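*Asks:* Okay, handing you the structure first.
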Amino acid sequence: ETDIIFNSDKDEKSPEKNKAIHLTTPISFNQLTQSLQNILAQKETVEYHDIRFKKLFLNMTGRSLKDSKISIKLTDKEAKIIWHLIKEKSSVVTQSFLLNRVWGYKEGIETKTLTTHIYTIRKKVKNFSDIFSIENSDEGYYIKFK
């Protein structure tokens, strides 16, 4: 989590809050909106990084999943879904979590978008079925490593 601290020019920045973002007041609504958009963009950039797992490499920049022989092209959303499933290390990732993190949807949205994406991902990763599979439970989805 990142703290946002509003302060005037003469306010002292506290050293223990070095991870905080300091915004100088007064600030216009447009400046505040732009600052928040920049913070979210930076968080997104930092959050999704390349991952090596088992014999595979998930390239988030190039949006591909590959081993030494095969490379599968992924869409941005597919790559993010796989990334979250890998990061949870075989734990169940809820549908609402994925809908929120990947699409920005809030609670209570009824959609088949995630189900459709999982179906497409499963078809794409069949060549890696000896390494992992994407499974589902009543609560959501998880990666089963073999």
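Ordering of the structure tokens sets the chain letters (A, B, ...); residue numbers start at 1 within each chain; ligands are numbered from 1 in the order shown.
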Just want the 12 Å neighbourhood of Trp103 of chain A, counted on only C-alpha atoms, with same-chain residues fewer than 6 positions away dropped. Output as a ChimeraX atom specification.

*Replies:* /A:76-78,80-81,95-97,109,111,113-114,117

*Asks:* Go through chain A and collect every residue that DSSP, computed from the backbone, puts in strand (DSSP E or B); the answer should be as number ranges by chain.

*Replies:* A: 4-7, 21-24, 51-53, 56-59, 64-66, 71-73, 93-94, 132-136, 140-145

*Asks:* Please return, as a ChimeraX atom specification, all residues of segment 1-143 of chain A that DSSP assigns to helix (DSSP H, G or I) on the basis of the backbone.

*Replies:* /A:15-17,29-47,76-87,95-103,113-128

*Asks:* Excluding Val93 of chain A and any residue of its chain fewer than 4 positions from it, enumerate the residues within 7 Å of it, using only C-alpha atoms, and give them as a list in words.

*Replies:*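 Using only C-alpha atoms, the neighbours found are Leu85, Phe97, Gly140, Tyr141 and Tyr142 of chain A.
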
*Asks:* Could you name the residues that touch segment 123-134 of chain A at 9 Å or less, counting only C-alpha atoms, but leaving out those on the same chain fewer than 4 positions away, as a ChimeraX atom specification?

*Replies:* /A:54-56,65-67,70,72-74,82,85,118-119,141-146

*Asks:* Just the residues within 9 Å of Asn59 of chain A, please, counting only C-alpha atoms, with nothing from its chain fewer than 6 positions along; format it as a PyMOL selection string.

*Replies:* chain A and resi 49-52+65-66+79

*Asks:* As an exercise, work out the distance from atom CA of Glu110 of chain A to atom CA of Ile39 of chain A in Å and give it to one decimal place.

*Replies:*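 Separating atom CA of Glu110 of chain A from atom CA of Ile39 of chain A is a distance of 28.6 Å.
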